[in-house]
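Have a look at structure.pdb; it's PDB, C-alpha atoms:
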```pdb
ATOM      1  CA  MET H  57       0.000   0.000   0.000
ATOM      2  CA  ILE H  58       1.284   3.505  -0.790
ATOM      3  CA  GLY H  59       0.119   7.000   0.129
ATOM      4  CA  LYS H  60      -1.796   9.116  -2.374
ATOM      5  CA  LEU H  61      -0.647  12.698  -2.897
ATOM      6  CA  VAL H  62      -3.435  15.167  -2.102
ATOM      7  CA  TRP H  63      -1.508  18.375  -2.833
ATOM      8  CA  LYS H  64       2.047  19.670  -2.825
ATOM      9  CA  LYS H  65       3.156  23.306  -3.066
ATOM     10  CA  LYS H  66       6.339  25.279  -2.602
ATOM     11  CA  PHE H  67       6.599  27.476   0.491
ATOM     12  CA  SER H  68       6.645  30.593  -1.704
ATOM     13  CA  GLU H  69       3.444  29.462  -3.479
ATOM     14  CA  LEU H  70       1.604  29.045  -0.187
ATOM     15  CA  PHE H  71       2.882  32.087   1.673
ATOM     16  CA  GLY H  72       4.187  34.472  -0.988
ATOM     17  CA  ILE H  73       7.685  34.628   0.509
ATOM     18  CA  GLY H  74      10.788  32.477   0.686
ATOM     19  CA  GLY H  75      11.401  30.412   3.781
ATOM     20  CA  TRP H  76      11.307  26.925   5.128
ATOM     21  CA  VAL H  77       9.093  24.836   7.353
ATOM     22  CA  HIS H  78      10.247  24.082  10.901
ATOM     23  CA  ASP H  79       7.266  21.966  11.951
ATOM     24  CA  VAL H  80       3.745  20.928  10.938
ATOM     25  CA  SER H  81       0.781  19.532  12.832
ATOM     26  CA  ILE H  82      -2.583  18.365  11.496
ATOM     27  CA  SER H  83      -5.812  18.410  13.498
ATOM     28  CA  GLU H  84      -7.202  15.001  14.394
ATOM     29  CA  ASN H  85     -10.251  15.601  12.204
ATOM     30  CA  GLY H  86      -7.882  16.371   9.292
ATOM     31  CA  ASN H  87      -9.438  19.752   8.502
ATOM     32  CA  TYR H  88      -6.558  22.043   9.528
ATOM     33  CA  ILE H  89      -2.778  22.134   9.240
ATOM     34  CA  ALA H  90      -0.595  24.343  11.458
ATOM     35  CA  VAL H  91       2.818  25.323  10.068
ATOM     36  CA  GLY H  92       5.699  26.819  12.059
ATOM     37  CA  SER H  93       8.306  28.639   9.997
ATOM     38  CA  ASP H  94      10.941  31.328  10.494
ATOM     39  CA  ASP H  95       9.122  34.157  12.315
ATOM     40  CA  SER H  96       5.521  33.110  11.560
ATOM     41  CA  THR H  97       2.898  30.463  12.195
ATOM     42  CA  TYR H  98       0.313  29.670   9.540
ATOM     43  CA  LEU H  99      -3.018  27.878   9.596
ATOM     44  CA  LEU H 100      -4.118  26.115   6.429
ATOM     45  CA  GLN H 101      -7.239  24.261   5.436
ATOM     46  CA  ASN H 102      -6.572  20.666   4.437
ATOM     47  CA  ASP H 103      -6.677  21.686   0.760
ATOM     48  CA  GLY H 104      -3.718  24.063   1.264
ATOM     49  CA  THR H 105      -5.760  27.276   1.454
ATOM     50  CA  LEU H 106      -4.126  29.799   3.804
ATOM     51  CA  LEU H 107      -6.497  30.905   6.586
ATOM     52  CA  TRP H 108      -4.128  33.207   8.492
ATOM     53  CA  GLU H 109      -0.562  34.093   9.413
ATOM     54  CA  TYR H 110       0.575  34.930  12.945
ATOM     55  CA  GLU H 111       3.816  36.895  12.889
ATOM     56  CA  ASN H 112       5.649  37.828  16.070
ATOM     57  CA  GLY H 113       9.264  38.306  15.013
ATOM     58  CA  GLU H 114      10.517  35.234  16.882
ATOM     59  CA  SER H 115      11.881  32.207  15.113
ATOM     60  CA  MET H 116       9.141  29.594  15.218
ATOM     61  CA  ASN H 117      10.207  26.189  16.294
ATOM     62  CA  PHE H 118       7.369  23.736  16.881
ATOM     63  CA  VAL H 119       3.581  23.726  16.501
ATOM     64  CA  SER H 120       0.807  21.514  17.805
ATOM     65  CA  ILE H 121      -2.895  21.797  16.982
ATOM     66  CA  SER H 122      -5.882  20.628  19.013
ATOM     67  CA  GLU H 123      -8.249  17.932  17.780
ATOM     68  CA  ASP H 124     -10.742  20.350  16.209
ATOM     69  CA  GLY H 125      -8.209  22.990  15.126
ATOM     70  CA  GLY H 126      -9.552  25.480  17.673
ATOM     71  CA  SER H 127      -6.221  26.002  19.457
ATOM     72  CA  ILE H 128      -2.638  26.070  18.227
ATOM     73  CA  ALA H 129       0.380  25.897  20.550
ATOM     74  CA  VAL H 130       3.611  27.417  19.249
ATOM     75  CA  GLY H 131       7.098  27.035  20.739
ATOM     76  CA  THR H 132       9.943  29.337  19.672
ATOM     77  CA  TYR H 133      13.724  29.288  19.549
ATOM     78  CA  ASP H 134      13.560  32.411  21.723
ATOM     79  CA  GLY H 135      11.996  30.402  24.558
ATOM     80  CA  TRP H 136       8.334  31.348  24.333
ATOM     81  CA  ILE H 137       5.134  29.338  24.150
ATOM     82  CA  HIS H 138       2.160  31.035  22.496
ATOM     83  CA  LEU H 139      -1.402  29.730  22.484
ATOM     84  CA  LEU H 140      -3.362  30.922  19.459
ATOM     85  CA  ASN H 141      -7.059  30.494  18.771
ATOM     86  CA  HIS H 142      -8.611  29.314  15.501
ATOM     87  CA  SER H 143      -8.651  32.914  14.198
ATOM     88  CA  GLY H 144      -4.912  33.384  14.848
ATOM     89  CA  TYR H 145      -5.246  35.616  17.912
ATOM     90  CA  GLU H 146      -2.896  35.034  20.827
ATOM     91  CA  GLN H 147      -4.723  33.812  23.930
ATOM     92  CA  TRP H 148      -1.645  33.801  26.161
ATOM     93  CA  ASN H 149       2.105  33.347  26.157
ATOM     94  CA  TYR H 150       4.675  31.975  28.567
ATOM     95  CA  SER H 151       8.450  32.368  28.741
ATOM     96  CA  THR H 152      10.490  29.198  29.216
ATOM     97  CA  ILE H 153      14.110  28.969  30.352
ATOM     98  CA  GLY H 154      15.577  27.658  27.100
ATOM     99  CA  SER H 155      14.758  27.294  23.439
ATOM    100  CA  VAL H 156      11.594  25.232  23.003
ATOM    101  CA  ASN H 157      12.361  21.996  21.163
ATOM    102  CA  SER H 158       8.990  20.273  21.473
ATOM    103  CA  VAL H 159       5.399  21.313  22.154
ATOM    104  CA  SER H 160       2.148  19.393  22.429
ATOM    105  CA  ILE H 161      -1.469  20.380  23.063
ATOM    106  CA  SER H 162      -4.265  18.247  24.494
ATOM    107  CA  VAL H 163      -7.153  17.220  22.235
ATOM    108  CA  ASP H 164      -9.470  19.756  23.890
ATOM    109  CA  GLY H 165      -6.865  22.554  23.742
ATOM    110  CA  GLU H 166      -6.854  23.036  27.528
ATOM    111  CA  TYR H 167      -3.323  21.837  28.291
ATOM    112  CA  VAL H 168      -0.006  22.630  26.651
ATOM    113  CA  THR H 169       3.291  20.929  27.450
ATOM    114  CA  CYS H 170       6.771  21.623  26.168
ATOM    115  CA  GLY H 171      10.384  20.645  26.561
ATOM    116  CA  ASP H 172      13.280  23.055  26.177
ATOM    117  CA  THR H 173      17.043  23.014  25.685
ATOM    118  CA  LYS H 174      17.704  23.614  29.394
ATOM    119  CA  ALA H 175      16.265  20.160  30.206
ATOM    120  CA  MET H 176      13.068  21.685  31.586
ATOM    121  CA  PHE H 177       9.628  20.224  31.094
ATOM    122  CA  THR H 178       6.756  22.700  31.380
ATOM    123  CA  SER H 179       3.019  21.976  31.621
ATOM    124  CA  LEU H 180       0.481  24.782  31.351
ATOM    125  CA  ILE H 181      -3.295  25.091  31.536
ATOM    126  CA  ARG H 182      -5.367  27.521  29.488
ATOM    127  CA  MET H 183      -6.336  30.583  31.483
ATOM    128  CA  VAL H 184      -9.909  31.815  31.150
ATOM    129  CA  ILE H 185      -9.935  35.600  30.822
TER     130      ILE H 185
END
```
I'd like the structure from this file rewritten - as structure tokens, please.
Amino acid sequence: MIGKLVWKKKFSELFGIGGWVHDVSISENGNYIAVGSDDSTYLLQNDGTLLWEYENGESMNFVSISEDGGSIAVGTYDGWIHLLNHSGYEQWNYSTIGSVNSVSISVDGEYVTCGDTKAMFTSLIRMVI
């Protein structure tokens, strides 16, 4: 059995600029794809259509998306974790000790965990504002 290609595009075709992909994560329902790259995070529909770009000037490292695509966790080389909602707005952020080298979000988007280069493991819960 082999995989069937659904779509394939160059970074510049998708985002209109040069760059490269650091990490990708697909929602469990398969409807959304989060992409971490250079100083931005992108959310795509499963057909490759760009929904939004979140730019914060930090080098994006890792991304993780909740089951329904409603929350996206982003870890950066600069040692920050950002939680974004489905519209690309930051819900909160948290500074870690070292560069984030892994991030994961729970299926319901309530919990975010990460590991960093200073051998720290961090677990966070979404704050209701």
(message) the PyMOL selection byres ((chain H and resi 69-75) around 8) - which residues does that actually catch in the file I just gave you? List them as a PyMOL selection string.
(response) chain H and resi 65-68+76-77+93-94+104-106
Residues just named, written with C-alpha atoms as a compact mmCIF listing (two decimals), keeping the file's coordinate frame:
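Result file part28.txt:
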```txt
# COMPACT_ATOMS: atom_id res chain seq x y z
CA LYS H 65 3.16 23.31 -3.07
CA LYS H 66 6.34 25.28 -2.60
CA PHE H 67 6.60 27.48 0.49
CA SER H 68 6.64 30.59 -1.70
CA TRP H 76 11.31 26.92 5.13
CA VAL H 77 9.09 24.84 7.35
CA SER H 93 8.31 28.64 10.00
CA ASP H 94 10.94 31.33 10.49
CA GLY H 104 -3.72 24.06 1.26
CA THR H 105 -5.76 27.28 1.45
CA LEU H 106 -4.13 29.80 3.80
```
(request) Would you list the contacts of Gly144 in chain H as a list of chain:residue names, taking every protein, DNA or RNA residue within 10 Å and counting all atoms listed in the file, but skipping same-chain residues closer than 6 positions in sequence? (result)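 These residues fall inside the cut-off: H:Thr97, H:Tyr98, H:Leu99, H:Leu107, H:Trp108, H:Glu109, H:Tyr110, H:Glu111, H:Gly126, H:Ser127, H:Ile128.
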(message) I'd like the residues picked by the PyMOL selection byres ((chain H and resi 149-160) around 6) written out as a ChimeraX atom specification, using the chain letters and numbers from the file.
(response) /H:118,120,131-138,148,161,168-174
(request) Report the distance between CA of Asn141 in chain H and CA of Met116 in chain H in Å, rounded to one decimal place. (result) 16.6 Å
(message) Between CA of Val163 in chain H and CA of Asp79 in chain H, what is the distance in Å, rounded to a tenth?
(response) 18.3 Å
(request) Please write as a PyMOL selection string the list of polymer residues whose atoms come within 8 Å of (13.1, 37.6, 16.3), counting all atoms listed in the file and keeping to the coordinates of the file. (result) chain H and resi 95+112-115+134
